[in-house]
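Undergrad: Sharing input_21.cif here; it has mmCIF, C-alpha atoms, pLDDT in the B column; chains and numbers go by the auth columns.
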data_data
#
loop_
_atom_site.group_PDB
_atom_site.id
_atom_site.type_symbol
_atom_site.label_atom_id
_atom_site.label_comp_id
_atom_site.label_asym_id
_atom_site.label_seq_id
_atom_site.Cartn_x
_atom_site.Cartn_y
_atom_site.Cartn_z
_atom_site.B_iso_or_equiv
_atom_site.auth_seq_id
_atom_site.auth_asym_id
ATOM 1 C CA MET A 1 -35.769 16.967 15.172 35.00 8 A
ATOM 2 C CA SER A 2 -33.320 19.111 17.138 37.00 9 A
ATOM 3 C CA GLU A 3 -30.287 17.540 18.712 39.00 10 A
ATOM 4 C CA PRO A 4 -30.300 16.942 22.478 39.00 11 A
ATOM 5 C CA PRO A 5 -28.075 19.219 24.567 41.00 12 A
ATOM 6 C CA SER A 6 -24.571 17.913 25.088 43.00 13 A
ATOM 7 C CA PRO A 7 -23.959 16.463 28.554 42.00 14 A
ATOM 8 C CA PRO A 8 -20.892 17.773 30.377 48.00 15 A
ATOM 9 C CA VAL A 9 -17.538 16.310 29.391 49.00 16 A
ATOM 10 C CA PRO A 10 -15.636 14.709 32.290 51.00 17 A
ATOM 11 C CA PRO A 11 -12.942 16.910 33.836 48.00 18 A
ATOM 12 C CA ASN A 12 -9.284 16.182 33.150 51.00 19 A
ATOM 13 C CA GLY A 13 -9.113 13.926 36.179 44.00 20 A
ATOM 14 C CA GLY A 14 -10.747 11.223 34.041 86.00 21 A
ATOM 15 C CA LEU A 15 -8.380 11.729 31.106 90.00 22 A
ATOM 16 C CA PRO A 16 -6.379 8.462 31.389 92.00 23 A
ATOM 17 C CA ARG A 17 -9.554 6.395 31.489 91.00 24 A
ATOM 18 C CA ARG A 18 -11.099 8.341 28.628 94.00 25 A
ATOM 19 C CA LEU A 19 -8.011 7.958 26.448 95.00 26 A
ATOM 20 C CA THR A 20 -7.906 4.235 27.187 94.00 27 A
ATOM 21 C CA GLN A 21 -11.573 3.910 26.263 95.00 28 A
ATOM 22 C CA LEU A 22 -11.109 5.915 23.087 96.00 29 A
ATOM 23 C CA TYR A 23 -8.254 3.878 21.653 97.00 30 A
ATOM 24 C CA ALA A 24 -9.502 0.533 22.934 97.00 31 A
ATOM 25 C CA GLY A 25 -12.885 1.283 21.404 96.00 32 A
ATOM 26 C CA LEU A 26 -11.467 2.314 18.047 97.00 33 A
ATOM 27 C CA ALA A 27 -9.151 -0.708 17.878 98.00 34 A
ATOM 28 C CA LEU A 28 -12.004 -3.066 18.782 97.00 35 A
ATOM 29 C CA TYR A 29 -14.220 -1.371 16.218 97.00 36 A
ATOM 30 C CA GLY A 30 -11.676 -2.171 13.515 97.00 37 A
ATOM 31 C CA ALA A 31 -11.368 -5.736 14.802 98.00 38 A
ATOM 32 C CA SER A 32 -15.147 -6.178 14.806 97.00 39 A
ATOM 33 C CA SER A 33 -15.325 -4.980 11.212 97.00 40 A
ATOM 34 C CA ALA A 34 -12.692 -7.556 10.288 97.00 41 A
ATOM 35 C CA LEU A 35 -14.831 -10.293 11.850 97.00 42 A
ATOM 36 C CA LEU A 36 -17.745 -9.191 9.668 97.00 43 A
ATOM 37 C CA VAL A 37 -15.515 -9.242 6.592 97.00 44 A
ATOM 38 C CA ARG A 38 -14.343 -12.775 7.341 96.00 45 A
ATOM 39 C CA SER A 39 -17.903 -13.970 7.988 96.00 46 A
ATOM 40 C CA GLY A 40 -18.789 -13.141 4.391 95.00 47 A
ATOM 41 C CA LEU A 41 -22.427 -12.674 5.416 96.00 48 A
ATOM 42 C CA GLY A 42 -22.704 -8.920 4.997 95.00 49 A
ATOM 43 C CA LEU A 43 -20.970 -5.775 6.199 95.00 50 A
ATOM 44 C CA GLU A 44 -22.027 -2.601 7.950 94.00 51 A
ATOM 45 C CA PRO A 45 -22.992 0.130 5.443 92.00 52 A
ATOM 46 C CA TRP A 46 -19.737 2.094 5.199 94.00 53 A
ATOM 47 C CA ASN A 47 -17.634 -1.047 4.944 96.00 54 A
ATOM 48 C CA VAL A 48 -19.727 -2.203 2.001 96.00 55 A
ATOM 49 C CA LEU A 49 -18.393 0.912 0.267 96.00 56 A
ATOM 50 C CA HIS A 50 -14.862 0.381 1.586 97.00 57 A
ATOM 51 C CA GLN A 51 -14.809 -3.225 0.400 97.00 58 A
ATOM 52 C CA GLY A 52 -16.141 -2.235 -3.025 96.00 59 A
ATOM 53 C CA LEU A 53 -13.480 0.439 -3.400 97.00 60 A
ATOM 54 C CA ALA A 54 -10.835 -2.012 -2.196 97.00 61 A
ATOM 55 C CA GLU A 55 -11.896 -4.473 -4.907 94.00 62 A
ATOM 56 C CA LEU A 56 -11.697 -1.712 -7.496 95.00 63 A
ATOM 57 C CA SER A 57 -8.383 -0.196 -6.395 96.00 64 A
ATOM 58 C CA GLY A 58 -6.440 -3.211 -5.173 95.00 65 A
ATOM 59 C CA LEU A 59 -5.798 -1.493 -1.827 97.00 66 A
ATOM 60 C CA SER A 60 -6.622 -3.168 1.476 97.00 67 A
ATOM 61 C CA ILE A 61 -10.010 -2.424 2.997 97.00 68 A
ATOM 62 C CA GLY A 62 -8.329 -0.785 5.998 97.00 69 A
ATOM 63 C CA VAL A 63 -6.328 1.598 3.805 98.00 70 A
ATOM 64 C CA VAL A 64 -9.477 2.458 1.854 97.00 71 A
ATOM 65 C CA SER A 65 -11.273 3.116 5.150 97.00 72 A
ATOM 66 C CA ILE A 66 -8.536 5.590 6.106 97.00 73 A
ATOM 67 C CA ILE A 67 -8.693 7.358 2.735 97.00 74 A
ATOM 68 C CA VAL A 68 -12.490 7.594 2.796 96.00 75 A
ATOM 69 C CA GLY A 69 -12.460 8.779 6.414 95.00 76 A
ATOM 70 C CA ALA A 70 -9.996 11.542 5.535 95.00 77 A
ATOM 71 C CA ALA A 71 -12.093 12.543 2.514 95.00 78 A
ATOM 72 C CA VAL A 72 -15.260 12.664 4.629 93.00 79 A
ATOM 73 C CA LEU A 73 -13.424 14.784 7.182 92.00 80 A
ATOM 74 C CA LEU A 74 -12.753 17.370 4.458 92.00 81 A
ATOM 75 C CA LEU A 75 -16.519 17.638 3.995 90.00 82 A
ATOM 76 C CA TRP A 76 -16.705 18.929 7.561 90.00 83 A
ATOM 77 C CA ILE A 77 -15.192 22.234 6.399 88.00 84 A
ATOM 78 C CA PRO A 78 -18.248 23.566 4.520 86.00 85 A
ATOM 79 C CA LEU A 79 -20.487 22.040 7.196 84.00 86 A
ATOM 80 C CA ARG A 80 -18.560 23.984 9.872 84.00 87 A
ATOM 81 C CA GLN A 81 -17.964 20.919 11.994 83.00 88 A
ATOM 82 C CA ARG A 82 -15.054 20.891 14.431 87.00 89 A
ATOM 83 C CA PRO A 83 -13.101 17.629 14.758 89.00 90 A
ATOM 84 C CA GLY A 84 -11.813 16.353 18.069 91.00 91 A
ATOM 85 C CA LEU A 85 -9.044 13.959 19.020 94.00 92 A
ATOM 86 C CA GLY A 86 -11.473 11.074 18.628 93.00 93 A
ATOM 87 C CA THR A 87 -12.413 12.235 15.147 93.00 94 A
ATOM 88 C CA VAL A 88 -8.862 12.246 13.811 94.00 95 A
ATOM 89 C CA SER A 89 -7.929 9.071 15.686 96.00 96 A
ATOM 90 C CA ASN A 90 -10.972 7.316 14.234 95.00 97 A
ATOM 91 C CA VAL A 91 -9.707 7.882 10.684 95.00 98 A
ATOM 92 C CA PHE A 92 -6.455 6.011 11.282 96.00 99 A
ATOM 93 C CA VAL A 93 -6.937 3.567 14.159 97.00 100 A
ATOM 94 C CA VAL A 94 -10.018 1.775 12.819 97.00 101 A
ATOM 95 C CA GLY A 95 -8.469 1.105 9.410 97.00 102 A
ATOM 96 C CA LEU A 96 -5.153 -0.072 10.856 98.00 103 A
ATOM 97 C CA ALA A 97 -6.896 -2.352 13.364 98.00 104 A
ATOM 98 C CA MET A 98 -9.090 -3.803 10.631 98.00 105 A
ATOM 99 C CA ASP A 99 -6.138 -4.671 8.403 98.00 106 A
ATOM 100 C CA GLY A 100 -4.175 -6.040 11.345 97.00 107 A
ATOM 101 C CA THR A 101 -7.019 -8.309 12.424 97.00 108 A
ATOM 102 C CA LEU A 102 -7.642 -9.504 8.868 97.00 109 A
ATOM 103 C CA ALA A 103 -3.972 -10.441 8.603 97.00 110 A
ATOM 104 C CA LEU A 104 -4.377 -12.704 11.642 96.00 111 A
ATOM 105 C CA LEU A 105 -7.757 -14.233 10.779 94.00 112 A
ATOM 106 C CA PRO A 106 -7.885 -17.061 8.236 92.00 113 A
ATOM 107 C CA GLU A 107 -10.636 -17.284 5.661 91.00 114 A
ATOM 108 C CA ALA A 108 -13.858 -18.730 7.103 89.00 115 A
ATOM 109 C CA HIS A 109 -15.613 -21.659 5.439 90.00 116 A
ATOM 110 C CA GLY A 110 -19.043 -23.035 6.266 92.00 117 A
ATOM 111 C CA PRO A 111 -21.884 -21.621 8.393 93.00 118 A
ATOM 112 C CA ALA A 112 -20.544 -23.256 11.570 94.00 119 A
ATOM 113 C CA VAL A 113 -17.676 -20.742 11.469 95.00 120 A
ATOM 114 C CA ARG A 114 -19.160 -17.834 9.547 95.00 121 A
ATOM 115 C CA VAL A 115 -22.308 -17.370 11.661 96.00 122 A
ATOM 116 C CA PRO A 116 -20.408 -17.138 14.989 96.00 123 A
ATOM 117 C CA LEU A 117 -17.992 -14.677 13.357 96.00 124 A
ATOM 118 C CA LEU A 118 -20.938 -12.554 12.274 97.00 125 A
ATOM 119 C CA MET A 119 -22.572 -12.563 15.702 97.00 126 A
ATOM 120 C CA ALA A 120 -19.289 -11.868 17.487 97.00 127 A
ATOM 121 C CA GLY A 121 -18.545 -9.041 15.066 97.00 128 A
ATOM 122 C CA ILE A 122 -21.889 -7.326 15.657 96.00 129 A
ATOM 123 C CA LEU A 123 -21.680 -7.683 19.448 97.00 130 A
ATOM 124 C CA LEU A 124 -18.074 -6.464 19.548 97.00 131 A
ATOM 125 C CA ASN A 125 -18.982 -3.543 17.301 95.00 132 A
ATOM 126 C CA GLY A 126 -21.692 -2.463 19.732 93.00 133 A
ATOM 127 C CA ALA A 127 -19.268 -2.662 22.656 95.00 134 A
ATOM 128 C CA ALA A 128 -16.590 -0.763 20.728 95.00 135 A
ATOM 129 C CA THR A 129 -19.092 1.931 19.792 91.00 136 A
ATOM 130 C CA GLY A 130 -20.064 2.398 23.430 91.00 137 A
ATOM 131 C CA LEU A 131 -16.405 2.564 24.480 93.00 138 A
ATOM 132 C CA TYR A 132 -15.225 5.233 22.094 92.00 139 A
ATOM 133 C CA ILE A 133 -18.346 7.412 22.150 89.00 140 A
ATOM 134 C CA ALA A 134 -18.527 7.425 25.961 90.00 141 A
ATOM 135 C CA ALA A 135 -14.949 8.712 26.018 91.00 142 A
ATOM 136 C CA SER A 136 -16.347 12.037 24.707 90.00 143 A
ATOM 137 C CA PHE A 137 -13.514 12.998 22.354 93.00 144 A
ATOM 138 C CA GLY A 138 -15.767 13.862 19.435 88.00 145 A
ATOM 139 C CA PRO A 139 -17.667 11.914 16.779 85.00 146 A
ATOM 140 C CA GLY A 140 -16.143 9.850 14.021 89.00 147 A
ATOM 141 C CA PRO A 141 -15.907 11.548 10.624 91.00 148 A
ATOM 142 C CA ARG A 142 -18.921 9.697 9.210 88.00 149 A
ATOM 143 C CA ASP A 143 -21.103 10.434 12.250 84.00 150 A
ATOM 144 C CA GLY A 144 -20.076 14.081 12.108 84.00 151 A
ATOM 145 C CA LEU A 145 -21.058 14.229 8.450 86.00 152 A
ATOM 146 C CA MET A 146 -24.581 13.157 9.364 82.00 153 A
ATOM 147 C CA THR A 147 -24.938 15.623 12.246 81.00 154 A
ATOM 148 C CA GLY A 148 -23.413 18.382 10.105 84.00 155 A
ATOM 149 C CA LEU A 149 -25.944 17.739 7.347 86.00 156 A
ATOM 150 C CA HIS A 150 -28.666 17.733 9.994 82.00 157 A
ATOM 151 C CA ARG A 151 -27.612 21.180 11.230 84.00 158 A
ATOM 152 C CA ARG A 152 -27.160 22.700 7.779 86.00 159 A
ATOM 153 C CA THR A 153 -30.353 21.345 6.210 87.00 160 A
ATOM 154 C CA GLY A 154 -32.679 21.238 9.196 87.00 161 A
ATOM 155 C CA ARG A 155 -33.640 17.684 8.238 85.00 162 A
ATOM 156 C CA SER A 156 -33.784 14.963 10.875 82.00 163 A
ATOM 157 C CA ILE A 157 -30.696 12.941 11.728 75.00 164 A
ATOM 158 C CA ARG A 158 -32.678 9.810 10.853 78.00 165 A
ATOM 159 C CA LEU A 159 -33.281 11.125 7.327 85.00 166 A
ATOM 160 C CA MET A 160 -29.667 12.238 6.875 84.00 167 A
ATOM 161 C CA ARG A 161 -28.321 8.926 8.161 81.00 168 A
ATOM 162 C CA THR A 162 -30.684 6.925 5.975 84.00 169 A
ATOM 163 C CA ALA A 163 -29.888 8.953 2.858 89.00 170 A
ATOM 164 C CA VAL A 164 -26.130 8.767 3.370 88.00 171 A
ATOM 165 C CA GLU A 165 -26.081 5.070 4.206 88.00 172 A
ATOM 166 C CA ILE A 166 -28.349 4.068 1.322 91.00 173 A
ATOM 167 C CA THR A 167 -25.999 5.958 -0.973 93.00 174 A
ATOM 168 C CA VAL A 168 -22.835 4.322 0.355 93.00 175 A
ATOM 169 C CA VAL A 169 -24.388 0.836 0.434 93.00 176 A
ATOM 170 C CA ALA A 170 -25.686 1.107 -3.124 94.00 177 A
ATOM 171 C CA THR A 171 -22.348 2.436 -4.373 95.00 178 A
ATOM 172 C CA GLY A 172 -20.363 -0.186 -2.474 95.00 179 A
ATOM 173 C CA PHE A 173 -22.582 -3.018 -3.683 95.00 180 A
ATOM 174 C CA ALA A 174 -22.228 -1.843 -7.288 96.00 181 A
ATOM 175 C CA LEU A 175 -18.447 -1.961 -6.825 95.00 182 A
ATOM 176 C CA GLY A 176 -18.471 -5.478 -5.348 94.00 183 A
ATOM 177 C CA GLY A 177 -19.034 -4.912 -1.632 95.00 184 A
ATOM 178 C CA THR A 178 -20.825 -7.602 0.372 92.00 185 A
ATOM 179 C CA ILE A 179 -24.477 -7.136 1.361 95.00 186 A
ATOM 180 C CA GLY A 180 -26.244 -9.948 3.178 95.00 187 A
ATOM 181 C CA VAL A 181 -28.083 -11.019 6.267 95.00 188 A
ATOM 182 C CA GLY A 182 -25.278 -9.509 8.344 94.00 189 A
ATOM 183 C CA THR A 183 -25.998 -6.064 6.912 94.00 190 A
ATOM 184 C CA VAL A 184 -29.636 -6.332 8.000 93.00 191 A
ATOM 185 C CA LEU A 185 -28.809 -7.749 11.444 94.00 192 A
ATOM 186 C CA TYR A 186 -26.260 -4.993 11.985 93.00 193 A
ATOM 187 C CA ALA A 187 -28.751 -2.286 11.045 89.00 194 A
ATOM 188 C CA LEU A 188 -31.364 -3.690 13.437 90.00 195 A
ATOM 189 C CA SER A 189 -29.102 -4.357 16.404 91.00 196 A
ATOM 190 C CA ILE A 190 -26.386 -1.696 16.474 89.00 197 A
ATOM 191 C CA GLY A 191 -28.615 0.998 17.993 86.00 198 A
ATOM 192 C CA PRO A 192 -29.771 -1.038 21.013 90.00 199 A
ATOM 193 C CA LEU A 193 -26.303 -2.533 21.498 91.00 200 A
ATOM 194 C CA ALA A 194 -24.579 0.847 21.361 88.00 201 A
ATOM 195 C CA GLN A 195 -27.115 2.311 23.797 87.00 202 A
ATOM 196 C CA LEU A 196 -26.504 -0.563 26.220 91.00 203 A
ATOM 197 C CA PHE A 197 -22.729 -0.225 26.098 91.00 204 A
ATOM 198 C CA LEU A 198 -22.866 3.564 26.345 88.00 205 A
ATOM 199 C CA ARG A 199 -24.427 3.028 29.764 90.00 206 A
ATOM 200 C CA VAL A 200 -21.908 0.323 30.684 90.00 207 A
ATOM 201 C CA PHE A 201 -18.883 2.441 29.744 90.00 208 A
ATOM 202 C CA ALA A 202 -20.170 5.866 30.804 86.00 209 A
ATOM 203 C CA VAL A 203 -17.383 7.923 32.371 77.00 210 A
ATOM 204 C CA PRO A 204 -18.487 9.454 35.695 73.00 211 A
ATOM 205 C CA PRO A 205 -17.354 12.980 36.555 64.00 212 A
ATOM 206 C CA ALA A 206 -14.407 13.217 38.929 55.00 213 A
ATOM 207 C CA SER A 207 -16.618 15.153 41.345 52.00 214 A
ATOM 208 C CA GLY A 208 -20.413 15.366 41.658 45.00 215 A
ATOM 209 C CA GLY A 209 -22.786 15.863 38.764 41.00 216 A
ATOM 210 C CA SER A 210 -24.515 13.581 36.377 38.00 217 A
ATOM 211 C CA THR A 211 -22.958 10.603 34.657 37.00 218 A
ATOM 212 C CA VAL A 212 -21.458 11.328 31.275 37.00 219 A
ATOM 213 C CA VAL A 213 -22.747 9.234 28.413 36.00 220 A
ATOM 214 C CA ALA A 214 -21.375 10.936 25.339 37.00 221 A
ATOM 215 C CA THR A 215 -21.178 14.256 23.596 42.00 222 A
ATOM 216 C CA GLY A 216 -24.349 15.297 21.825 42.00 223 A
ATOM 217 C CA SER A 217 -23.099 14.996 18.280 43.00 224 A
ATOM 218 C CA PRO A 218 -21.876 11.384 18.137 41.00 225 A
ATOM 219 C CA ARG A 219 -24.643 10.097 20.339 45.00 226 A
ATOM 220 C CA GLY A 220 -27.219 11.795 18.197 44.00 227 A
ATOM 221 C CA ALA A 221 -25.720 10.509 14.983 41.00 228 A
ATOM 222 C CA ILE A 222 -25.787 6.899 16.052 46.00 229 A
ATOM 223 C CA LEU A 223 -28.636 6.467 18.462 43.00 230 A
ATOM 224 C CA ARG A 224 -31.285 9.111 17.862 36.00 231 A
ATOM 225 C CA PRO A 225 -33.767 9.595 15.023 33.00 232 A
#
Kindly present the structure from the file in structure tokens form.

TA:
Amino acid sequence: MSEPPSPPVPPNGGLPRRLTQLYAGLALYGASSALLVRSGLGLEPWNVLHQGLAELSGLSIGVVSIIVGAAVLLLWIPLRQRPGLGTVSNVFVVGLAMDGTLALLPEAHGPAVRVPLLMAGILLNGAATGLYIAASFGPGPRDGLMTGLHRRTGRSIRLMRTAVEITVVATGFALGGTIGVGTVLYALSIGPLAQLFLRVFAVPPASGGSTVVATGSPRGAILRP
């Protein structure tokens, strides 16, 4: 399935708002991932891999996220993908925010604490996704990998996303990453939540024209088949 045309990016008059959305979204994304880690009920696919590699290496999960994000970004070169400010910022800000939040959050014990952490983490992740994608500064490195594979192979984004995420989940689980009910709930809910918050946080043009939702690449990677 071909990718939808990219909607226009807001003119520079909206730059302060867009920058605020970008970095707030990325920081909240890292915080939401930390909530899922503390819940112990299952992580989103890439963090299953990050946690497994963290267990293996002794590094923090946030540092591993940064290293993996940088490595994935290198894969953009043969795929002829062009990173944006949001792409590079994603590599560093999410990992740092995750480690910072984990340092502040105590270990969770019992379902009365772990279940609310899980639900809050998923909801916050959807809001964070809407924030940083609607800022239109380019996709994250992992989203760009999926859209790059889509362009190079001609296969659907749904197939590329599924293949990549099955691979990272299986590898992460084999290394000790956490898969659970949270992983399933995340997979089922992140699309609708991200779509909702993309509309909430859409940046309107400074003058006339249609409302900006997101650039084609990141939106396609996350929300379209």

Undergrad: At what distance in Å, to one decimal, does atom CA of A:Leu138 lie from atom CA of A:Gly189?

TA: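 Separation of atom CA of A:Gly189 and atom CA of A:Leu138: 22.0 Å.
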
Undergrad: For A:Leu42, which residue among A:Thr190, A:Thr108, A:Thr185, A:Thr169 is the nearest when counting only C-alpha atoms?

TA: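 Ranking A:Thr190, A:Thr108, A:Thr185, A:Thr169 by distance to A:Leu42, first place goes to A:Thr108.
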
Undergrad: Which residues come within 6 Å of stretch 28-41 of chain A, counting all atoms listed in the file, excluding same-chain residues fewer than 3 positions away, as an mmCIF file with C-alpha atoms, keeping the file's coordinate frame?

TA:
data_model
loop_
_atom_site.group_PDB
_atom_site.id
_atom_site.type_symbol
_atom_site.label_atom_id
_atom_site.label_comp_id
_atom_site.auth_asym_id
_atom_site.auth_seq_id
_atom_site.Cartn_x
_atom_site.Cartn_y
_atom_site.Cartn_z
ATOM 1 C CA ARG A 25 -11.099 8.341 28.628
ATOM 2 C CA VAL A 44 -15.515 -9.242 6.592
ATOM 3 C CA VAL A 101 -10.018 1.775 12.819
ATOM 4 C CA ALA A 104 -6.896 -2.352 13.364
ATOM 5 C CA MET A 105 -9.090 -3.803 10.631
ATOM 6 C CA THR A 108 -7.019 -8.309 12.424
ATOM 7 C CA LEU A 109 -7.642 -9.504 8.868
ATOM 8 C CA GLY A 128 -18.545 -9.041 15.066
ATOM 9 C CA LEU A 131 -18.074 -6.464 19.548
ATOM 10 C CA ASN A 132 -18.982 -3.543 17.301
ATOM 11 C CA ALA A 135 -16.590 -0.763 20.728
ATOM 12 C CA LEU A 138 -16.405 2.564 24.480
ATOM 13 C CA TYR A 139 -15.225 5.233 22.094
ATOM 14 C CA ALA A 142 -14.949 8.712 26.018
#

Undergrad: Go ahead and compute the interatomic distance for atom CA of A:Leu111 and atom CA of A:Ser196, in Å to one decimal.

TA: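 Answer for the atom CA of A:Leu111 to atom CA of A:Ser196 separation: 26.5 Å.
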
Undergrad: Residue by residue, what does the PyMOL selection byres ((chain A and resi 168) around 12) grab here? Present the result as a PyMOL selection string.

TA: chain A and resi 52-53+149-157+162-167+169-176+194+227-232

Undergrad: Just write the chosen residues, C-alpha atoms, as a tab-separated table (two decimals), in the coordinates of the input.

TA:
chain	number	residue	atom	x	y	z
A	52	PRO	CA	-22.99	0.13	5.44
A	53	TRP	CA	-19.74	2.09	5.20
A	149	ARG	CA	-18.92	9.70	9.21
A	150	ASP	CA	-21.10	10.43	12.25
A	151	GLY	CA	-20.08	14.08	12.11
A	152	LEU	CA	-21.06	14.23	8.45
A	153	MET	CA	-24.58	13.16	9.36
A	154	THR	CA	-24.94	15.62	12.25
A	155	GLY	CA	-23.41	18.38	10.10
A	156	LEU	CA	-25.94	17.74	7.35
A	157	HIS	CA	-28.67	17.73	9.99
A	162	ARG	CA	-33.64	17.68	8.24
A	163	SER	CA	-33.78	14.96	10.88
A	164	ILE	CA	-30.70	12.94	11.73
A	165	ARG	CA	-32.68	9.81	10.85
A	166	LEU	CA	-33.28	11.12	7.33
A	167	MET	CA	-29.67	12.24	6.88
A	169	THR	CA	-30.68	6.92	5.98
A	170	ALA	CA	-29.89	8.95	2.86
A	171	VAL	CA	-26.13	8.77	3.37
A	172	GLU	CA	-26.08	5.07	4.21
A	173	ILE	CA	-28.35	4.07	1.32
A	174	THR	CA	-26.00	5.96	-0.97
A	175	VAL	CA	-22.84	4.32	0.36
A	176	VAL	CA	-24.39	0.84	0.43
A	194	ALA	CA	-28.75	-2.29	11.04
A	227	GLY	CA	-27.22	11.80	18.20
A	228	ALA	CA	-25.72	10.51	14.98
A	229	ILE	CA	-25.79	6.90	16.05
A	230	LEU	CA	-28.64	6.47	18.46
A	231	ARG	CA	-31.28	9.11	17.86
A	232	PRO	CA	-33.77	9.60	15.02

Undergrad: Taking into account all atoms listed in the file, which residue in the set A:Leu124, A:Val95, A:Val100, A:Ala61 is nearest to A:Gly47?

TA: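 The shortest atom-to-atom distance to A:Gly47 comes from A:Leu124.
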
Undergrad: Calculated over only C-alpha atoms, which of the candidates A:Ser96, A:Ser67, A:Thr136, A:Gln88 has the smallest distance to A:Ala209?

TA: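 Closest candidate: A:Thr136.
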
Undergrad: Evaluate the PyMOL selection byres ((chain A and resi 204) around 10) and record the selected residues as number ranges by chain, following the chain and residue labels used in the document.

TA: A: 133-138, 140-141, 199-203, 205-209, 220
